[in-house]
>>> print(open('input_29.pdb').read())   # PDB, N, CA and C atoms
ATOM      1  N   MET A   1     123.366 118.829  87.719
ATOM      2  CA  MET A   1     122.776 117.933  88.701
ATOM      3  C   MET A   1     121.428 117.456  88.188
ATOM      4  N   HIS A   2     121.226 116.151  88.196
ATOM      5  CA  HIS A   2     119.957 115.575  87.771
ATOM      6  C   HIS A   2     119.099 115.306  88.992
ATOM      7  N   LYS A   3     117.821 115.601  88.866
ATOM      8  CA  LYS A   3     116.883 115.297  89.943
ATOM      9  C   LYS A   3     115.994 114.161  89.485
ATOM     10  N   HIS A   4     115.750 113.228  90.384
ATOM     11  CA  HIS A   4     114.929 112.059  90.077
ATOM     12  C   HIS A   4     113.713 112.059  90.989
ATOM     13  N   ARG A   5     112.583 111.703  90.440
ATOM     14  CA  ARG A   5     111.361 111.584  91.216
ATOM     15  C   ARG A   5     111.264 110.166  91.742
ATOM     16  N   PHE A   6     111.068 109.989  93.020
ATOM     17  CA  PHE A   6     110.971 108.666  93.630
ATOM     18  C   PHE A   6     109.646 108.582  94.376
ATOM     19  N   PRO A   7     108.564 108.134  93.719
ATOM     20  CA  PRO A   7     107.281 108.043  94.419
ATOM     21  C   PRO A   7     107.026 106.625  94.939
ATOM     22  N   PHE A   8     106.433 106.531  96.104
ATOM     23  CA  PHE A   8     105.882 105.255  96.562
ATOM     24  C   PHE A   8     104.690 105.569  97.451
ATOM     25  N   TYR A   9     103.881 104.545  97.693
ATOM     26  CA  TYR A   9     102.716 104.758  98.535
ATOM     27  C   TYR A   9     102.404 103.515  99.337
ATOM     28  N   LYS A  10     101.624 103.729 100.396
ATOM     29  CA  LYS A  10     101.172 102.655 101.271
ATOM     30  C   LYS A  10      99.676 102.809 101.455
ATOM     31  N   ASP A  11      98.933 101.729 101.161
ATOM     32  CA  ASP A  11      97.484 101.731 101.337
ATOM     33  C   ASP A  11      97.151 101.156 102.715
ATOM     34  N   LEU A  12      96.241 101.828 103.422
ATOM     35  CA  LEU A  12      95.822 101.376 104.750
ATOM     36  C   LEU A  12      94.309 101.353 104.847
ATOM     37  N   LYS A  13      93.806 100.273 105.448
ATOM     38  CA  LYS A  13      92.361 100.177 105.690
ATOM     39  C   LYS A  13      92.062 100.776 107.059
ATOM     40  N   LEU A  14      91.129 101.706 107.095
ATOM     41  CA  LEU A  14      90.737 102.361 108.337
ATOM     42  C   LEU A  14      89.738 101.495 109.094
ATOM     43  N   PRO A  15      89.577 101.704 110.392
ATOM     44  CA  PRO A  15      88.591 100.927 111.163
ATOM     45  C   PRO A  15      87.167 101.058 110.616
ATOM     46  N   THR A  16      86.888 102.132 109.875
ATOM     47  CA  THR A  16      85.563 102.344 109.292
ATOM     48  C   THR A  16      85.327 101.468 108.060
ATOM     49  N   GLY A  17      86.404 100.823 107.552
ATOM     50  CA  GLY A  17      86.306 100.034 106.331
ATOM     51  C   GLY A  17      86.744 100.790 105.092
ATOM     52  N   ASN A  18      86.900 102.106 105.192
ATOM     53  CA  ASN A  18      87.389 102.923 104.079
ATOM     54  C   ASN A  18      88.901 102.753 103.942
ATOM     55  N   TRP A  19      89.420 103.107 102.758
ATOM     56  CA  TRP A  19      90.850 102.999 102.483
ATOM     57  C   TRP A  19      91.459 104.369 102.250
ATOM     58  N   VAL A  20      92.717 104.549 102.665
ATOM     59  CA  VAL A  20      93.488 105.749 102.365
ATOM     60  C   VAL A  20      94.836 105.328 101.787
ATOM     61  N   ARG A  21      95.403 106.194 100.970
ATOM     62  CA  ARG A  21      96.718 105.958 100.380
ATOM     63  C   ARG A  21      97.642 107.105 100.787
ATOM     64  N   PHE A  22      98.750 106.767 101.461
ATOM     65  CA  PHE A  22      99.782 107.732 101.825
ATOM     66  C   PHE A  22     100.847 107.723 100.745
ATOM     67  N   HIS A  23     101.090 108.863 100.125
ATOM     68  CA  HIS A  23     102.096 109.015  99.072
ATOM     69  C   HIS A  23     103.350 109.661  99.657
ATOM     70  N   VAL A  24     104.516 109.177  99.225
ATOM     71  CA  VAL A  24     105.790 109.819  99.540
ATOM     72  C   VAL A  24     106.513 110.014  98.215
ATOM     73  N   LYS A  25     106.896 111.247  97.922
ATOM     74  CA  LYS A  25     107.601 111.557  96.681
ATOM     75  C   LYS A  25     108.858 112.347  97.010
ATOM     76  N   ALA A  26     109.964 111.969  96.380
ATOM     77  CA  ALA A  26     111.224 112.689  96.545
ATOM     78  C   ALA A  26     111.654 113.222  95.197
ATOM     79  N   THR A  27     112.162 114.445  95.171
ATOM     80  CA  THR A  27     112.617 115.048  93.918
ATOM     81  C   THR A  27     114.130 115.064  93.817
ATOM     82  N   GLY A  28     114.821 114.736  94.889
ATOM     83  CA  GLY A  28     116.279 114.727  94.893
ATOM     84  C   GLY A  28     116.827 113.317  94.986
ATOM     85  N   LYS A  29     118.050 113.216  95.470
ATOM     86  CA  LYS A  29     118.742 111.934  95.593
ATOM     87  C   LYS A  29     118.020 111.030  96.592
ATOM     88  N   THR A  30     117.892 109.764  96.234
ATOM     89  CA  THR A  30     117.248 108.775  97.083
ATOM     90  C   THR A  30     118.229 107.644  97.366
ATOM     91  N   THR A  31     118.367 107.293  98.640
ATOM     92  CA  THR A  31     119.236 106.191  99.036
ATOM     93  C   THR A  31     118.481 105.298 100.009
ATOM     94  N   ILE A  32     118.546 103.980  99.785
ATOM     95  CA  ILE A  32     117.936 103.004 100.683
ATOM     96  C   ILE A  32     119.017 101.993 101.053
ATOM     97  N   GLU A  33     119.173 101.697 102.334
ATOM     98  CA  GLU A  33     120.129 100.692 102.785
ATOM     99  C   GLU A  33     119.400  99.575 103.517
ATOM    100  N   GLY A  34     119.857  98.329 103.279
ATOM    101  CA  GLY A  34     119.298  97.178 103.979
ATOM    102  C   GLY A  34     117.880  96.838 103.561
ATOM    103  N   LEU A  35     117.570  96.952 102.282
ATOM    104  CA  LEU A  35     116.221  96.688 101.784
ATOM    105  C   LEU A  35     115.930  95.193 101.773
ATOM    106  N   ILE A  36     114.818  94.820 102.383
ATOM    107  CA  ILE A  36     114.305  93.450 102.349
ATOM    108  C   ILE A  36     112.844  93.559 101.931
ATOM    109  N   GLN A  37     112.452  92.785 100.907
ATOM    110  CA  GLN A  37     111.064  92.840 100.471
ATOM    111  C   GLN A  37     110.575  91.474 100.019
ATOM    112  N   ASP A  38     109.290  91.267 100.192
ATOM    113  CA  ASP A  38     108.607  90.081  99.677
ATOM    114  C   ASP A  38     107.663  90.613  98.600
ATOM    115  N   ALA A  39     108.159  90.643  97.363
ATOM    116  CA  ALA A  39     107.404  91.258  96.268
ATOM    117  C   ALA A  39     106.603  90.214  95.509
ATOM    118  N   ARG A  40     105.347  90.538  95.237
ATOM    119  CA  ARG A  40     104.531  89.647  94.407
ATOM    120  C   ARG A  40     104.499  90.111  92.966
ATOM    121  N   PHE A  41     104.965  91.356  92.728
ATOM    122  CA  PHE A  41     105.003  91.885  91.374
ATOM    123  C   PHE A  41     106.120  92.915  91.274
ATOM    124  N   ILE A  42     106.981  92.784  90.252
ATOM    125  CA  ILE A  42     108.028  93.775  89.975
ATOM    126  C   ILE A  42     108.063  94.014  88.470
ATOM    127  N   ASP A  43     107.924  95.266  88.075
ATOM    128  CA  ASP A  43     108.102  95.689  86.692
ATOM    129  C   ASP A  43     109.022  96.896  86.762
ATOM    130  N   ALA A  44     110.323  96.682  86.448
ATOM    131  CA  ALA A  44     111.295  97.760  86.629
ATOM    132  C   ALA A  44     112.530  97.509  85.788
ATOM    133  N   ASP A  45     113.296  98.562  85.611
ATOM    134  CA  ASP A  45     114.614  98.480  85.018
ATOM    135  C   ASP A  45     115.581  98.315  86.187
ATOM    136  N   LEU A  46     116.081  97.082  86.403
ATOM    137  CA  LEU A  46     116.927  96.770  87.548
ATOM    138  C   LEU A  46     118.368  96.563  87.115
ATOM    139  N   SER A  47     119.290  97.074  87.914
ATOM    140  CA  SER A  47     120.707  96.897  87.670
ATOM    141  C   SER A  47     121.352  96.460  88.988
ATOM    142  N   PHE A  48     122.048  95.308  88.980
ATOM    143  CA  PHE A  48     122.645  94.737  90.188
ATOM    144  C   PHE A  48     124.163  94.837  90.131
ATOM    145  N   ASN A  49     124.789  95.176  91.260
ATOM    146  CA  ASN A  49     126.242  95.165  91.391
ATOM    147  C   ASN A  49     126.596  94.069  92.396
ATOM    148  N   GLU A  50     127.368  93.075  91.955
ATOM    149  CA  GLU A  50     127.775  91.937  92.782
ATOM    150  C   GLU A  50     126.559  91.143  93.268
ATOM    151  N   LEU A  51     125.738  90.699  92.314
ATOM    152  CA  LEU A  51     124.554  89.903  92.623
ATOM    153  C   LEU A  51     124.954  88.500  93.048
ATOM    154  N   ASN A  52     124.377  88.022  94.167
ATOM    155  CA  ASN A  52     124.583  86.660  94.657
ATOM    156  C   ASN A  52     123.245  85.951  94.728
ATOM    157  N   ILE A  53     123.173  84.768  94.152
ATOM    158  CA  ILE A  53     121.972  83.933  94.242
ATOM    159  C   ILE A  53     122.375  82.638  94.930
ATOM    160  N   ARG A  54     121.640  82.290  95.981
ATOM    161  CA  ARG A  54     121.962  81.099  96.758
ATOM    162  C   ARG A  54     120.784  80.127  96.737
ATOM    163  N   GLU A  55     121.119  78.852  96.673
ATOM    164  CA  GLU A  55     120.098  77.802  96.713
ATOM    165  C   GLU A  55     120.412  76.870  97.866
ATOM    166  N   LYS A  56     119.370  76.459  98.594
ATOM    167  CA  LYS A  56     119.515  75.425  99.608
ATOM    168  C   LYS A  56     118.242  74.598  99.597
ATOM    169  N   ASN A  57     118.354  73.359  99.992
ATOM    170  CA  ASN A  57     117.219  72.444  99.984
ATOM    171  C   ASN A  57     116.602  72.369 101.376
ATOM    172  N   THR A  58     115.359  72.825 101.466
ATOM    173  CA  THR A  58     114.618  72.758 102.728
ATOM    174  C   THR A  58     113.212  72.256 102.432
ATOM    175  N   ASP A  59     112.485  71.927 103.469
ATOM    176  CA  ASP A  59     111.092  71.518 103.297
ATOM    177  C   ASP A  59     110.189  72.712 102.985
ATOM    178  N   ASP A  60     110.649  73.914 103.290
ATOM    179  CA  ASP A  60     109.896  75.138 103.020
ATOM    180  C   ASP A  60     110.428  75.755 101.730
ATOM    181  N   PHE A  61     109.706  75.535 100.617
ATOM    182  CA  PHE A  61     110.194  75.993  99.303
ATOM    183  C   PHE A  61     110.461  77.489  99.262
ATOM    184  N   SER A  62     109.761  78.281 100.087
ATOM    185  CA  SER A  62     109.946  79.733 100.058
ATOM    186  C   SER A  62     111.320  80.151 100.602
ATOM    187  N   LYS A  63     112.034  79.221 101.247
ATOM    188  CA  LYS A  63     113.360  79.534 101.790
ATOM    189  C   LYS A  63     114.478  78.880 100.991
ATOM    190  N   ASN A  64     114.149  78.249  99.862
ATOM    191  CA  ASN A  64     115.173  77.561  99.060
ATOM    192  C   ASN A  64     116.039  78.492  98.242
ATOM    193  N   TRP A  65     115.541  79.663  97.889
ATOM    194  CA  TRP A  65     116.314  80.599  97.070
ATOM    195  C   TRP A  65     116.417  81.927  97.797
ATOM    196  N   SER A  66     117.586  82.515  97.765
ATOM    197  CA  SER A  66     117.761  83.876  98.279
ATOM    198  C   SER A  66     118.712  84.608  97.344
ATOM    199  N   GLN A  67     118.614  85.909  97.346
ATOM    200  CA  GLN A  67     119.503  86.717  96.515
ATOM    201  C   GLN A  67     119.808  88.024  97.225
ATOM    202  N   ASP A  68     120.993  88.533  96.977
ATOM    203  CA  ASP A  68     121.357  89.848  97.482
ATOM    204  C   ASP A  68     122.405  90.445  96.558
ATOM    205  N   ALA A  69     122.619  91.724  96.699
ATOM    206  CA  ALA A  69     123.600  92.435  95.877
ATOM    207  C   ALA A  69     124.182  93.565  96.701
ATOM    208  N   LYS A  70     125.406  93.962  96.348
ATOM    209  CA  LYS A  70     126.041  95.086  97.046
ATOM    210  C   LYS A  70     125.229  96.347  96.826
ATOM    211  N   THR A  71     124.836  96.605  95.580
ATOM    212  CA  THR A  71     123.940  97.724  95.278
ATOM    213  C   THR A  71     122.949  97.290  94.198
ATOM    214  N   ILE A  72     121.765  97.876  94.253
ATOM    215  CA  ILE A  72     120.730  97.655  93.243
ATOM    216  C   ILE A  72     120.215  99.029  92.830
ATOM    217  N   THR A  73     120.186  99.279  91.535
ATOM    218  CA  THR A  73     119.610 100.513  91.018
ATOM    219  C   THR A  73     118.264 100.158  90.403
ATOM    220  N   ILE A  74     117.221 100.844  90.858
ATOM    221  CA  ILE A  74     115.857 100.585  90.401
ATOM    222  C   ILE A  74     115.366 101.833  89.676
ATOM    223  N   LYS A  75     114.974 101.667  88.405
ATOM    224  CA  LYS A  75     114.453 102.795  87.624
ATOM    225  C   LYS A  75     113.078 102.436  87.078
ATOM    226  N   ASP A  76     112.223 103.439  86.982
ATOM    227  CA  ASP A  76     110.892 103.281  86.377
ATOM    228  C   ASP A  76     110.181 102.052  86.923
ATOM    229  N   ALA A  77     110.048 101.974  88.237
ATOM    230  CA  ALA A  77     109.544 100.755  88.882
ATOM    231  C   ALA A  77     108.084 100.829  89.260
ATOM    232  N   LYS A  78     107.450  99.678  89.169
ATOM    233  CA  LYS A  78     106.143  99.420  89.769
ATOM    234  C   LYS A  78     106.333  98.127  90.552
ATOM    235  N   ILE A  79     106.296  98.208  91.871
ATOM    236  CA  ILE A  79     106.544  97.061  92.741
ATOM    237  C   ILE A  79     105.379  96.935  93.713
ATOM    238  N   VAL A  80     104.808  95.736  93.811
ATOM    239  CA  VAL A  80     103.748  95.452  94.774
ATOM    240  C   VAL A  80     104.335  94.463  95.773
ATOM    241  N   THR A  81     104.393  94.866  97.049
ATOM    242  CA  THR A  81     104.999  94.018  98.067
ATOM    243  C   THR A  81     104.010  93.702  99.181
ATOM    244  N   ASP A  82     104.173  92.522  99.763
ATOM    245  CA  ASP A  82     103.424  92.166 100.964
ATOM    246  C   ASP A  82     104.216  92.538 102.207
ATOM    247  N   TYR A  83     105.548  92.634 102.052
ATOM    248  CA  TYR A  83     106.433  92.989 103.164
ATOM    249  C   TYR A  83     107.568  93.837 102.625
ATOM    250  N   LEU A  84     107.897  94.891 103.334
ATOM    251  CA  LEU A  84     108.997  95.771 102.929
ATOM    252  C   LEU A  84     109.663  96.311 104.189
ATOM    253  N   PHE A  85     110.987  96.168 104.271
ATOM    254  CA  PHE A  85     111.753  96.674 105.397
ATOM    255  C   PHE A  85     113.042  97.289 104.870
ATOM    256  N   GLN A  86     113.507  98.345 105.505
ATOM    257  CA  GLN A  86     114.799  98.917 105.173
ATOM    258  C   GLN A  86     115.432  99.463 106.446
ATOM    259  N   ASN A  87     116.771  99.387 106.496
ATOM    260  CA  ASN A  87     117.494  99.926 107.654
ATOM    261  C   ASN A  87     117.512 101.443 107.645
ATOM    262  N   MET A  88     117.642 102.052 106.441
ATOM    263  CA  MET A  88     117.751 103.501 106.334
ATOM    264  C   MET A  88     117.238 103.953 104.978
ATOM    265  N   VAL A  89     116.487 105.052 104.982
ATOM    266  CA  VAL A  89     116.027 105.680 103.744
ATOM    267  C   VAL A  89     116.342 107.163 103.826
ATOM    268  N   SER A  90     116.912 107.691 102.755
ATOM    269  CA  SER A  90     117.177 109.120 102.652
ATOM    270  C   SER A  90     116.477 109.632 101.401
ATOM    271  N   LEU A  91     115.546 110.555 101.568
ATOM    272  CA  LEU A  91     114.762 111.102 100.458
ATOM    273  C   LEU A  91     114.904 112.620 100.452
ATOM    274  N   GLU A  92     115.704 113.154  99.532
ATOM    275  CA  GLU A  92     115.834 114.605  99.433
ATOM    276  C   GLU A  92     114.581 115.187  98.799
ATOM    277  N   GLY A  93     114.089 116.269  99.353
ATOM    278  CA  GLY A  93     112.914 116.939  98.803
ATOM    279  C   GLY A  93     111.641 116.129  98.967
ATOM    280  N   ALA A  94     111.520 115.352 100.034
ATOM    281  CA  ALA A  94     110.356 114.478 100.229
ATOM    282  C   ALA A  94     109.092 115.280 100.525
ATOM    283  N   LYS A  95     108.004 114.836  99.914
ATOM    284  CA  LYS A  95     106.687 115.415 100.162
ATOM    285  C   LYS A  95     105.729 114.269 100.459
ATOM    286  N   ILE A  96     104.895 114.433 101.479
ATOM    287  CA  ILE A  96     103.948 113.398 101.895
ATOM    288  C   ILE A  96     102.540 113.933 101.708
ATOM    289  N   SER A  97     101.666 113.091 101.117
ATOM    290  CA  SER A  97     100.263 113.466 100.950
ATOM    291  C   SER A  97      99.401 112.234 101.185
ATOM    292  N   VAL A  98      98.115 112.451 101.355
ATOM    293  CA  VAL A  98      97.182 111.348 101.593
ATOM    294  C   VAL A  98      95.936 111.567 100.746
ATOM    295  N   GLU A  99      95.358 110.455 100.285
ATOM    296  CA  GLU A  99      94.115 110.520  99.520
ATOM    297  C   GLU A  99      93.212 109.365  99.920
ATOM    298  N   SER A 100      91.927 109.543  99.721
ATOM    299  CA  SER A 100      90.954 108.479  99.940
ATOM    300  C   SER A 100      90.869 107.648  98.661
ATOM    301  N   ILE A 101      90.871 106.298  98.795
ATOM    302  CA  ILE A 101      90.780 105.411  97.634
ATOM    303  C   ILE A 101      89.668 104.389  97.865
ATOM    304  N   LYS A 102      89.208 103.764  96.767
ATOM    305  CA  LYS A 102      88.167 102.731  96.869
ATOM    306  C   LYS A 102      88.703 101.451  97.487
ATOM    307  N   GLU A 103      89.866 101.013  96.959
ATOM    308  CA  GLU A 103      90.495  99.785  97.436
ATOM    309  C   GLU A 103      91.939  99.768  96.945
ATOM    310  N   PRO A 104      92.793  98.952  97.568
ATOM    311  CA  PRO A 104      94.203  98.930  97.150
ATOM    312  C   PRO A 104      94.405  98.184  95.849
ATOM    313  N   LYS A 105      95.530  98.477  95.192
ATOM    314  CA  LYS A 105      95.922  97.736  94.001
ATOM    315  C   LYS A 105      96.627  96.478  94.481
ATOM    316  N   MET A 106      96.202  95.318  94.003
ATOM    317  CA  MET A 106      96.785  94.061  94.440
ATOM    318  C   MET A 106      97.814  93.512  93.470
ATOM    319  N   THR A 107      97.906  94.095  92.273
ATOM    320  CA  THR A 107      98.896  93.689  91.283
ATOM    321  C   THR A 107      99.429  94.948  90.615
ATOM    322  N   GLY A 108     100.253  94.770  89.610
ATOM    323  CA  GLY A 108     100.810  95.915  88.894
ATOM    324  C   GLY A 108      99.856  96.532  87.888
ATOM    325  N   LYS A 109      98.671  95.972  87.721
ATOM    326  CA  LYS A 109      97.707  96.481  86.741
ATOM    327  C   LYS A 109      97.006  97.712  87.239
TER     328      LYS A 109
END
>>> encode(input="input_29.pdb", output="structure tokens")
Amino acid sequence: MHKHRFPFYKDLKLPTGNWVRFHVKATGKTTIEGLIQDARFIDADLSFNELNIREKNTDDFSKNWSQDAKTITIKDAKIVTDYLFQNMVSLEGAKISVESIKEPKMTGK
């Protein structure tokens, strides 16, 4: 049995103006269903099963392209998103921690 580390974090600004980062790390199997994200940066090894890309002509260019896949495997990822939603997440061996930070990372750098 192989164990995979799945870390992600969320940066939040406190009412005091200080920032904190909540970390979530899983050491076992990770499953996400119904993932929707608005990513401004993705650096990852991605594998798509039954990828669909759709184009339509609208006045709002941000709605002209959409893509989805039956399954997506993400390895060694660094993803910066402005919006992230999922219907279900399963994280075996999940651990949650928090740290104080100066400011959030706005790109993959």
>>> residues_around(input="input_29.pdb", residues="A:Gly93", least_positions_apart="3", cutoff="5 Å", atoms="all atoms listed in the file", output="PyMOL selection string")
chain A and resi 26-28
>>> axis_aligned_box(input="input_29.pdb", around="stretch 9-18 of chain A", padding_each_side="8 Å", output="lines of an AutoDock Vina configuration file")
center_x = 94.6
center_y = 102.4
center_z = 104.4
size_x = 34.6
size_y = 20.7
size_z = 29.5
>>> closest_residue(input="input_29.pdb", among="A:Asn64, A:Thr81, A:Asn18, A:Thr73", to="A:Ile42", atoms="only N, CA and C atoms")
A:Thr81
>>> atom_distance(input="input_29.pdb", atom1="atom CA of A:Glu55", atom2="atom CA of A:Gln67")
8.9 Å
>>> closest_residue(input="input_29.pdb", among="A:Lys63, A:Gly34, A:Leu14, A:Asp68", to="A:Glu50", atoms="only C-alpha atoms")
A:Asp68
>>> atom_distance(input="input_29.pdb", atom1="atom CA of A:Ile96", atom2="atom N of A:Lys13")
17.0 Å
>>> resolve_selection(input="input_29.pdb", expression="the PyMOL selection byres ((chain A and resi 32) around 6.5)", output="list in words")
Thr30, Thr31, Glu33, Gly34, Leu35, Asn87, Met88, Val89 and Ser90 of chain A
>>> closest_residue(input="input_29.pdb", among="A:Pro104, A:Glu99, A:Ala39, A:Glu92", to="A:Val20", atoms="only N, CA and C atoms")
A:Glu99
>>> resolve_selection(input="input_29.pdb", expression="the PyMOL selection byres ((chain A and resi 45) around 5)", output="PyMOL selection string")
chain A and resi 43-44+46-47+74-76
>>> write_last_selection(input="input_29.pdb", atoms="N, CA and C atoms", output="PDB file, in the frame of the given file")
ATOM      1  N   ASP A  43     107.924  95.266  88.075  1.00  0.00           N
ATOM      2  CA  ASP A  43     108.102  95.689  86.692  1.00  0.00           C
ATOM      3  C   ASP A  43     109.022  96.896  86.762  1.00  0.00           C
ATOM      4  N   ALA A  44     110.323  96.682  86.448  1.00  0.00           N
ATOM      5  CA  ALA A  44     111.295  97.760  86.629  1.00  0.00           C
ATOM      6  C   ALA A  44     112.530  97.509  85.788  1.00  0.00           C
ATOM      7  N   LEU A  46     116.081  97.082  86.403  1.00  0.00           N
ATOM      8  CA  LEU A  46     116.927  96.770  87.548  1.00  0.00           C
ATOM      9  C   LEU A  46     118.368  96.563  87.115  1.00  0.00           C
ATOM     10  N   SER A  47     119.290  97.074  87.914  1.00  0.00           N
ATOM     11  CA  SER A  47     120.707  96.897  87.670  1.00  0.00           C
ATOM     12  C   SER A  47     121.352  96.460  88.988  1.00  0.00           C
ATOM     13  N   ILE A  74     117.221 100.844  90.858  1.00  0.00           N
ATOM     14  CA  ILE A  74     115.857 100.585  90.401  1.00  0.00           C
ATOM     15  C   ILE A  74     115.366 101.833  89.676  1.00  0.00           C
ATOM     16  N   LYS A  75     114.974 101.667  88.405  1.00  0.00           N
ATOM     17  CA  LYS A  75     114.453 102.795  87.624  1.00  0.00           C
ATOM     18  C   LYS A  75     113.078 102.436  87.078  1.00  0.00           C
ATOM     19  N   ASP A  76     112.223 103.439  86.982  1.00  0.00           N
ATOM     20  CA  ASP A  76     110.892 103.281  86.377  1.00  0.00           C
ATOM     21  C   ASP A  76     110.181 102.052  86.923  1.00  0.00           C
TER      22      ASP A  76
END
>>> closest_residue(input="input_29.pdb", among="A:Asn49, A:Thr16, A:Gln86, A:Ser62", to="A:Gln37", atoms="only C-alpha atoms")
A:Gln86
>>> atom_distance(input="input_29.pdb", atom1="atom N of A:Phe41", atom2="atom C of A:Leu84")
13.3 Å
>>> resolve_selection(input="input_29.pdb", expression="the PyMOL selection byres (((chain A and resi 100 and name CA) around 10) and name CA)", output="PyMOL selection string")
chain A and resi 11-12+18-22+98-99+101-103
>>> select_by_dssp(input="input_29.pdb", residues="chain A", states="strand (DSSP E)", output="JSON, numbers by chain")
{"A": [6, 7, 8, 9, 10, 11, 12, 13, 19, 20, 21, 22, 23, 24, 25, 26, 30, 31, 32, 33, 36, 37, 38, 39, 40, 41, 42, 43, 44, 45, 46, 47, 48, 49, 52, 53, 54, 55, 65, 66, 67, 68, 71, 72, 73, 74, 75, 76, 77, 78, 79, 80, 81, 82, 83, 84, 85, 88, 89, 90, 91, 95, 96, 97, 98, 99, 100, 101]}
>>> closest_residue(input="input_29.pdb", among="A:Gly17, A:Asn52, A:Asn57, A:Lys105", to="A:Asp82", atoms="only C-alpha atoms")
A:Lys105
